[in-house]
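query01.csv, holding CSV, C-alpha atoms:
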```csv
chain,number,residue,atom,x,y,z
O,1,MET,CA,122.2,29.3,186.0
O,2,ILE,CA,119.7,30.9,188.3
O,3,THR,CA,119.7,29.2,191.7
O,4,ARG,CA,116.7,27.9,193.6
O,5,ARG,CA,117.5,30.4,196.3
O,6,ASN,CA,117.0,33.2,193.8
O,7,ILE,CA,113.7,31.6,192.8
O,8,ARG,CA,112.5,31.4,196.4
O,9,VAL,CA,113.3,35.1,196.9
O,10,LYS,CA,111.1,36.0,193.8
O,11,VAL,CA,108.3,33.8,195.1
O,12,MET,CA,108.6,35.3,198.6
O,13,GLN,CA,108.4,38.8,197.2
O,14,VAL,CA,105.3,38.0,195.1
O,15,LEU,CA,103.6,36.5,198.2
O,16,TYR,CA,104.5,39.5,200.2
O,17,GLN,CA,103.0,41.8,197.5
O,18,LEU,CA,99.8,39.7,197.4
O,19,ASP,CA,99.5,39.8,201.2
O,20,SER,CA,98.4,43.4,200.9
O,21,THR,CA,96.3,43.0,197.7
O,22,ASP,CA,92.8,41.6,197.5
O,23,ASN,CA,91.2,39.4,194.9
O,24,ILE,CA,94.3,38.4,192.9
O,25,SER,CA,93.7,35.3,190.7
O,26,ASP,CA,96.2,32.5,190.2
O,27,ASN,CA,96.9,33.7,186.6
O,28,GLU,CA,97.5,37.3,187.8
O,29,ALA,CA,99.8,36.0,190.6
O,30,VAL,CA,101.8,34.0,188.0
O,31,LYS,CA,102.1,37.1,185.8
O,32,ILE,CA,103.5,39.1,188.7
O,33,LEU,CA,106.0,36.3,189.3
O,34,ASP,CA,107.0,36.2,185.6
O,35,THR,CA,107.7,39.9,185.7
O,36,ARG,CA,110.0,39.4,188.7
O,37,LEU,CA,111.7,36.4,187.1
O,38,ASP,CA,112.4,38.6,184.0
O,39,GLN,CA,114.2,41.1,186.2
O,40,THR,CA,117.2,38.8,186.4
O,41,PRO,CA,118.0,38.3,182.6
O,42,ARG,CA,117.2,42.0,182.1
O,43,LEU,CA,119.8,43.0,184.7
O,44,PHE,CA,122.3,40.4,183.4
O,45,THR,CA,121.9,41.7,179.9
O,46,TYR,CA,122.6,45.2,181.1
O,47,LEU,CA,125.7,44.2,182.9
O,48,ILE,CA,127.0,42.5,179.7
O,49,TYR,CA,125.9,45.5,177.7
O,50,PHE,CA,127.8,47.9,180.0
O,51,LEU,CA,131.0,45.8,179.9
O,52,THR,CA,130.9,45.5,176.1
O,53,GLU,CA,130.4,49.3,175.8
O,54,VAL,CA,133.4,50.0,177.9
O,55,ALA,CA,135.5,47.8,175.7
O,56,ARG,CA,134.1,49.3,172.5
O,57,TYR,CA,134.6,52.8,173.8
O,58,ALA,CA,138.2,52.4,172.7
O,59,GLU,CA,137.1,53.2,169.1
O,60,LYS,CA,134.9,56.0,170.2
O,61,ASN,CA,137.7,57.6,172.2
O,62,ALA,CA,140.1,57.2,169.3
O,63,ALA,CA,137.6,59.0,167.0
O,64,ILE,CA,137.0,61.8,169.5
O,65,ARG,CA,140.8,62.4,169.9
O,66,ALA,CA,141.5,62.2,166.2
O,67,SER,CA,138.9,64.8,165.4
O,68,LYS,CA,140.5,67.4,167.7
O,69,HIS,CA,141.2,70.7,166.0
O,70,LEU,CA,144.9,70.4,167.0
O,71,ALA,CA,145.2,66.7,167.3
O,72,THR,CA,148.6,65.5,168.3
O,73,ALA,CA,150.4,62.4,166.9
O,74,GLU,CA,149.4,60.6,170.1
O,75,ASP,CA,145.7,61.6,169.5
O,76,LYS,CA,145.9,60.2,166.0
O,77,ASN,CA,147.3,56.9,167.1
O,78,VAL,CA,145.2,55.7,170.0
O,79,ASN,CA,145.4,52.0,170.5
O,80,ILE,CA,142.0,50.3,169.9
O,81,LYS,CA,143.1,46.7,170.5
O,82,LEU,CA,140.5,46.4,173.2
O,83,SER,CA,137.5,47.0,170.8
O,84,GLY,CA,138.6,44.0,168.8
O,85,ASN,CA,138.8,41.7,171.8
O,86,THR,CA,137.9,38.2,170.6
O,87,VAL,CA,135.8,37.3,173.7
O,88,LEU,CA,134.0,40.6,173.4
O,89,TRP,CA,133.0,39.8,169.8
O,90,ALA,CA,132.0,36.3,170.7
O,91,ILE,CA,129.5,37.9,173.1
O,92,LEU,CA,128.3,40.6,170.7
O,93,GLU,CA,127.7,38.0,168.0
O,94,ASN,CA,125.9,35.6,170.3
O,95,HIS,CA,122.3,35.2,169.0
O,96,SER,CA,120.9,35.1,172.5
O,97,TYR,CA,122.5,38.4,173.4
O,98,ILE,CA,121.3,40.0,170.2
O,99,GLN,CA,117.7,38.8,171.0
O,100,ALA,CA,117.9,40.1,174.6
O,101,MET,CA,119.2,43.5,173.4
O,102,ALA,CA,116.3,43.8,171.0
O,103,LYS,CA,113.9,43.0,173.8
O,104,TYR,CA,115.3,45.3,176.5
O,105,LYS,CA,116.5,48.2,174.2
O,106,PHE,CA,119.1,49.8,176.5
O,107,SER,CA,120.2,53.2,175.5
O,108,PHE,CA,123.8,54.2,175.4
O,109,ASP,CA,122.9,57.8,176.1
O,110,SER,CA,121.8,56.9,179.6
O,111,THR,CA,125.1,55.0,180.3
O,112,GLU,CA,127.7,57.1,178.4
O,113,GLU,CA,128.9,59.0,181.5
O,114,PHE,CA,129.6,55.8,183.4
O,115,VAL,CA,131.0,54.0,180.4
O,116,ARG,CA,133.4,56.8,179.7
O,117,SER,CA,134.5,57.1,183.3
O,118,THR,CA,135.1,53.4,183.6
O,119,TYR,CA,137.1,53.4,180.3
O,120,GLU,CA,139.3,56.4,181.4
O,121,THR,CA,140.0,54.7,184.7
O,122,LEU,CA,140.9,51.5,182.8
O,123,ILE,CA,143.4,53.1,180.3
O,124,SER,CA,145.4,54.6,183.2
O,125,THR,CA,146.1,51.2,184.8
O,126,GLU,CA,149.2,49.1,184.3
O,127,ILE,CA,147.0,46.0,183.5
O,128,TYR,CA,145.6,47.8,180.5
O,129,LYS,CA,149.0,49.0,179.3
O,130,GLN,CA,150.3,45.5,179.5
O,131,TYR,CA,147.3,44.2,177.5
O,132,ILE,CA,147.6,46.6,174.6
O,133,HIS,CA,151.3,45.9,174.2
O,134,LEU,CA,150.8,42.2,173.9
O,135,GLN,CA,151.4,41.2,170.2
O,136,SER,CA,149.1,38.2,170.3
O,137,ARG,CA,145.4,37.8,171.1
O,138,ASP,CA,145.7,34.7,173.3
O,139,ILE,CA,142.4,33.7,174.8
O,140,LYS,CA,143.6,34.1,178.4
O,141,SER,CA,144.6,37.7,178.0
O,142,GLU,CA,141.4,38.5,176.2
O,143,ARG,CA,139.4,37.0,179.0
O,144,ASP,CA,141.5,38.5,181.8
O,145,ILE,CA,141.1,42.1,180.6
O,146,LEU,CA,137.3,41.9,180.4
O,147,THR,CA,137.3,40.1,183.8
O,148,TYR,CA,139.4,42.9,185.2
O,149,ILE,CA,137.0,45.6,183.9
O,150,PHE,CA,134.0,43.9,185.4
O,151,SER,CA,135.4,42.7,188.8
O,152,ASP,CA,137.9,45.4,189.6
O,153,LEU,CA,136.5,48.5,187.9
O,154,MET,CA,132.7,48.2,187.6
O,155,LEU,CA,131.7,46.4,190.8
O,156,PRO,CA,133.9,48.2,193.3
O,157,GLU,CA,132.8,51.6,191.9
O,158,GLU,CA,130.2,53.2,194.2
O,159,SER,CA,128.7,55.4,191.5
O,160,PHE,CA,128.3,52.5,189.2
O,161,VAL,CA,126.6,50.4,191.8
O,162,ALA,CA,124.3,53.3,192.7
O,163,HIS,CA,123.4,53.7,189.0
O,164,ILE,CA,122.5,50.0,188.9
O,165,GLU,CA,120.5,50.1,192.2
O,166,GLU,CA,118.6,53.1,190.8
O,167,ASN,CA,117.6,51.3,187.7
O,168,PHE,CA,117.3,47.7,188.8
O,169,SER,CA,115.4,47.0,192.1
O,170,ASN,CA,116.7,43.4,192.1
O,171,TRP,CA,120.4,44.2,192.3
O,172,ASP,CA,120.7,43.3,196.0
O,173,ASP,CA,118.9,40.0,195.4
O,174,ASP,CA,120.8,39.0,192.3
O,175,ALA,CA,124.3,40.6,192.5
O,176,GLU,CA,126.2,37.7,193.9
O,177,MET,CA,124.7,35.2,191.5
O,178,LEU,CA,125.2,37.4,188.5
O,179,ASN,CA,128.8,38.0,189.4
O,180,THR,CA,129.3,34.3,189.1
O,181,LEU,CA,127.4,34.1,185.9
O,182,MET,CA,129.4,36.9,184.3
O,183,LEU,CA,132.7,35.1,185.2
O,184,ASN,CA,131.3,31.9,183.7
O,185,LEU,CA,130.2,33.8,180.6
O,186,LEU,CA,133.7,35.2,180.0
O,187,GLN,CA,135.0,31.7,180.1
O,188,LYS,CA,132.4,30.3,177.7
O,189,PRO,CA,130.7,33.2,175.8
O,190,ALA,CA,129.2,30.8,173.3
O,191,ALA,CA,127.2,29.1,176.0
O,192,LEU,CA,125.2,32.3,176.8
O,193,SER,CA,121.4,31.7,176.7
O,194,LEU,CA,119.5,34.6,178.2
O,195,GLN,CA,116.2,33.2,177.0
O,196,GLN,CA,116.7,30.2,179.3
O,197,MET,CA,117.1,32.3,182.4
O,198,PRO,CA,115.6,30.7,184.4
O,199,ASP,CA,115.4,27.4,182.6
O,200,ALA,CA,112.1,25.4,182.2
O,201,GLU,CA,112.7,23.4,185.4
O,202,LYS,CA,113.3,26.5,187.5
O,203,LYS,CA,110.2,28.2,186.0
O,204,THR,CA,108.1,25.2,186.8
O,205,PHE,CA,109.5,25.2,190.4
O,206,ALA,CA,108.7,28.9,190.8
O,207,LYS,CA,105.2,28.6,189.5
O,208,GLU,CA,104.4,25.5,191.5
O,209,LEU,CA,105.8,26.9,194.7
O,210,LEU,CA,103.8,30.1,194.3
O,211,GLN,CA,100.5,28.4,193.5
O,212,THR,CA,100.9,25.7,196.1
O,213,THR,CA,101.6,28.2,198.8
O,214,ILE,CA,98.6,30.2,197.8
O,215,ASN,CA,96.2,27.3,197.3
O,216,LYS,CA,97.2,25.4,200.4
O,217,ASN,CA,97.4,28.5,202.6
O,218,GLU,CA,94.7,27.5,205.0
O,219,TYR,CA,96.0,24.0,205.7
O,220,ILE,CA,99.6,25.1,206.0
O,221,SER,CA,98.8,28.1,208.2
O,222,GLY,CA,96.9,25.7,210.5
O,223,LEU,CA,100.1,23.5,210.8
O,224,ILE,CA,102.1,26.6,211.6
O,225,LYS,CA,99.7,28.1,214.2
O,226,ALA,CA,99.5,24.8,216.0
O,227,ARG,CA,103.3,25.1,216.6
O,228,LEU,CA,103.2,28.7,217.8
O,229,LYS,CA,102.1,28.0,221.3
O,230,ASN,CA,102.3,31.3,223.2
O,231,TRP,CA,102.9,33.3,220.0
O,232,ASP,CA,100.2,35.5,218.6
O,233,PRO,CA,100.0,34.8,214.9
O,234,GLU,CA,98.9,38.4,214.2
O,235,ARG,CA,102.2,39.7,215.7
O,236,ILE,CA,104.5,37.5,213.7
O,237,ALA,CA,106.4,39.3,211.0
O,238,VAL,CA,104.6,38.9,207.7
O,239,LEU,CA,107.8,37.7,205.9
O,240,ASP,CA,108.4,35.1,208.6
O,241,MET,CA,104.9,33.7,208.1
O,242,ILE,CA,105.4,33.6,204.3
O,243,LEU,CA,108.8,31.9,204.6
O,244,MET,CA,107.4,29.3,206.9
O,245,GLN,CA,104.4,28.7,204.6
O,246,MET,CA,106.8,28.2,201.7
O,247,GLY,CA,109.0,25.8,203.8
O,248,VAL,CA,106.0,23.7,204.8
O,249,CYS,CA,104.9,23.5,201.2
O,250,GLU,CA,108.3,22.1,200.2
O,251,PHE,CA,108.1,19.5,203.0
O,252,LEU,CA,104.7,18.3,201.8
O,253,TYR,CA,104.5,18.9,198.0
O,254,PHE,CA,108.1,18.9,196.6
O,255,PRO,CA,109.3,15.4,197.0
O,256,THR,CA,112.8,15.8,195.5
O,257,ILE,CA,113.9,18.6,197.9
O,258,PRO,CA,115.5,17.2,201.1
O,259,PRO,CA,113.9,18.7,204.3
O,260,LYS,CA,117.3,19.7,205.6
O,261,VAL,CA,117.9,21.8,202.5
O,262,THR,CA,114.4,23.4,202.8
O,263,ILE,CA,115.0,24.3,206.5
O,264,ASN,CA,118.5,25.7,205.8
O,265,GLU,CA,117.3,27.8,202.9
O,266,TYR,CA,114.5,29.4,204.8
O,267,ILE,CA,116.7,30.1,207.8
O,268,ASP,CA,119.1,32.0,205.6
O,269,LEU,CA,116.3,33.9,203.8
O,270,ALA,CA,114.8,34.8,207.2
O,271,LYS,CA,118.1,36.1,208.4
O,272,ASP,CA,118.7,38.1,205.2
O,273,TYR,CA,115.2,39.5,204.6
O,274,SER,CA,113.4,39.7,207.9
O,275,THR,CA,114.3,40.5,211.6
O,276,GLU,CA,117.4,39.7,213.6
O,277,GLN,CA,115.5,37.0,215.5
O,278,SER,CA,113.8,35.5,212.4
O,279,GLY,CA,116.4,32.9,211.5
O,280,HIS,CA,116.2,31.3,214.9
O,281,PHE,CA,112.4,31.6,215.0
O,282,VAL,CA,111.9,30.1,211.5
O,283,ASN,CA,114.3,27.3,212.3
O,284,GLY,CA,112.5,26.3,215.4
O,285,ILE,CA,109.0,26.3,213.9
O,286,LEU,CA,110.0,24.5,210.7
O,287,ASP,CA,112.0,21.9,212.5
O,288,GLY,CA,109.1,21.2,214.9
O,289,ILE,CA,106.6,21.0,212.0
O,290,HIS,CA,108.9,18.6,210.1
O,291,LYS,CA,109.2,16.3,213.1
O,292,ASP,CA,105.4,16.4,213.5
O,293,LEU,CA,104.9,15.5,209.8
O,294,VAL,CA,107.4,12.7,209.9
O,295,ALA,CA,105.8,11.2,213.1
O,296,GLN,CA,102.4,11.4,211.3
O,297,ASN,CA,103.9,9.7,208.2
O,298,LYS,CA,102.9,12.7,206.0
O,299,ILE,CA,106.2,13.4,204.3
O,300,PHE,CA,107.1,11.4,201.3
O,301,LYS,CA,110.4,12.1,199.6
O,302,THR,CA,111.9,10.5,196.5
O,303,ASP,CA,115.5,9.4,196.2
O,304,PHE,CA,117.1,12.8,195.8
O,305,LYS,CA,120.8,11.7,196.1
O,306,SER,CA,121.4,11.9,192.4
O,307,LYS,CA,119.3,15.1,191.9
O,308,LYS,CA,120.2,18.7,192.2
O,309,ALA,CA,117.8,19.7,194.9
O,310,ASN,CA,118.9,23.2,195.8
```
Show how you would write the structure in this file as structure tokens.
Amino acid sequence: MITRRNIRVKVMQVLYQLDSTDNISDNEAVKILDTRLDQTPRLFTYLIYFLTEVARYAEKNAAIRASKHLATAEDKNVNIKLSGNTVLWAILENHSYIQAMAKYKFSFDSTEEFVRSTYETLISTEIYKQYIHLQSRDIKSERDILTYIFSDLMLPEESFVAHIEENFSNWDDDAEMLNTLMLNLLQKPAALSLQQMPDAEKKTFAKELLQTTINKNEYISGLIKARLKNWDPERIAVLDMILMQMGVCEFLYFPTIPPKVTINEYIDLAKDYSTEQSGHFVNGILDGIHKDLVAQNKIFKTDFKSKKAN
């Protein structure tokens, strides 16, 4: 599941893009947001695709070796157990994955070098050798070998990560979340739903956060500037201002999100995406505005104890 942190990052990036662009309508802004939101399922689909291609390369490797002019007995008897992995095929036959592959149309030609390299590293490991010598296809060993490929061979490989970064600008934003999603997928491949990434609730949150921050900009900026005291608003980092605007929006217009969650989220985003001092600065301003709004009885929150607010 895509987290609200991930949604906030996408909205922040759209607002930053709009800051240097004139005359963008609400509809155009939402289209830009939709494009950014689609980056996540696209990247996740590619990671799944790459993993499945590594596993399926067992058959391709066997065919290549068997076709040698002077093929040895070993060349003619390459173990292809991995290509029949039951978890692999549960993913390949998942309708959601089939739809996503039809949409994104990834080409094996552009990934073959990395797939082959990952496969060759895999077959030299003791873990792989133990796997192919197992007589059964118990679900744990089927999952474990795919998890090993992803977590121990793909992600730690600098050339693979560089390949991903070159083709997917959202890798740094989404990597940690997608790592978790991949491990969950390998546990429950039938539950994959790439068309619900993000789900309807998260899409609504993203759209409303973007449009509210844009439409309430003048009012919200006034609340922030009143708290700046000796700070020159023109000298504040653009991202800091955007993050504070989003935070104040959540205080005022998103009743199910606890203020403490909002403040903590934007402190973390400021630390990760802006300057070294930004976390402390954003914390101070948002905390002050929150206290002002509470004193003025302008914050109305619903009972969020039973809701997933972050």
Given the choices O:Ile220, O:Ile164, O:Leu70, O:Ile285, which gets closest to Asp240 in chain O if the distance is worked out from only C-alpha atoms?
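Between O:Ile220, O:Ile164, O:Leu70, O:Ile285, the residue approaching Asp240 in chain O most closely is O:Ile285.
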With distances taken over all atoms listed in the file, which of O:Lys229, O:Lys76, O:His163, O:His95 is nearest to Ile64 in chain O?
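Of the candidates, the smallest distance to Ile64 in chain O is held by O:Lys76.
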Restricting to all atoms listed in the file, whichever of O:Arg227, O:Val30, O:Arg8, O:Asn167 is closest to Ala270 in chain O is O:Arg8
Mind listing as a PyMOL selection string all residues within 6 Å of (120.9, 43.9, 177.4), counting only C-alpha atoms?
chain O and resi 45-46+49+100-101+104
Within 8 Å of Leu252 in chain O using only C-alpha atoms, minus same-chain residues under 4 positions, as a list in words
Val248, Lys298, Ile299 and Phe300 of chain O
Written-out range 127-141 of chain O (N, CA, C and O atoms) as a short mmCIF file (atom, residue, chain, number, x, y, z; two decimals), in the first residue's frame:
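Printed below is decode.cif as written:
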```cif
data_model
loop_
_atom_site.label_atom_id
_atom_site.label_comp_id
_atom_site.auth_asym_id
_atom_site.auth_seq_id
_atom_site.Cartn_x
_atom_site.Cartn_y
_atom_site.Cartn_z
N ILE O 127 23.11 -20.80 -1.79
CA ILE O 127 21.65 -20.76 -1.58
C ILE O 127 20.93 -21.30 -2.82
O ILE O 127 19.97 -22.08 -2.70
N TYR O 128 21.39 -20.91 -4.00
CA TYR O 128 20.78 -21.41 -5.23
C TYR O 128 21.02 -22.92 -5.37
O TYR O 128 20.09 -23.66 -5.73
N LYS O 129 22.22 -23.35 -5.10
CA LYS O 129 22.55 -24.77 -5.24
C LYS O 129 21.70 -25.62 -4.30
O LYS O 129 21.25 -26.72 -4.65
N GLN O 130 21.47 -25.12 -3.09
CA GLN O 130 20.61 -25.83 -2.15
C GLN O 130 19.17 -25.87 -2.66
O GLN O 130 18.48 -26.90 -2.54
N TYR O 131 18.73 -24.77 -3.26
CA TYR O 131 17.35 -24.68 -3.77
C TYR O 131 17.11 -25.71 -4.88
O TYR O 131 16.11 -26.43 -4.85
N ILE O 132 18.00 -25.78 -5.86
CA ILE O 132 17.74 -26.66 -7.00
C ILE O 132 17.86 -28.14 -6.62
O ILE O 132 17.35 -29.00 -7.35
N HIS O 133 18.51 -28.43 -5.51
CA HIS O 133 18.63 -29.82 -5.10
C HIS O 133 17.49 -30.27 -4.20
O HIS O 133 17.39 -31.46 -3.87
N LEU O 134 16.63 -29.35 -3.82
CA LEU O 134 15.45 -29.74 -3.05
C LEU O 134 14.50 -30.52 -3.96
O LEU O 134 14.23 -30.11 -5.09
N GLN O 135 13.98 -31.62 -3.49
CA GLN O 135 13.10 -32.44 -4.30
C GLN O 135 11.67 -31.87 -4.36
O GLN O 135 10.96 -32.06 -5.34
N SER O 136 11.30 -31.17 -3.32
CA SER O 136 9.93 -30.65 -3.25
C SER O 136 9.88 -29.19 -3.70
O SER O 136 10.91 -28.54 -3.89
N ARG O 137 8.65 -28.70 -3.85
CA ARG O 137 8.43 -27.28 -4.12
C ARG O 137 7.61 -26.69 -2.97
O ARG O 137 6.51 -26.18 -3.19
N ASP O 138 8.14 -26.78 -1.77
CA ASP O 138 7.39 -26.22 -0.64
C ASP O 138 7.38 -24.70 -0.77
O ASP O 138 8.32 -24.08 -1.27
N ILE O 139 6.30 -24.10 -0.32
CA ILE O 139 6.06 -22.68 -0.54
C ILE O 139 7.15 -21.81 0.08
O ILE O 139 7.52 -20.77 -0.46
N LYS O 140 7.70 -22.24 1.21
CA LYS O 140 8.73 -21.44 1.87
C LYS O 140 9.99 -21.33 1.01
O LYS O 140 10.53 -20.23 0.82
N SER O 141 10.46 -22.44 0.47
CA SER O 141 11.67 -22.39 -0.34
C SER O 141 11.43 -21.64 -1.64
O SER O 141 12.32 -20.95 -2.16
#
```
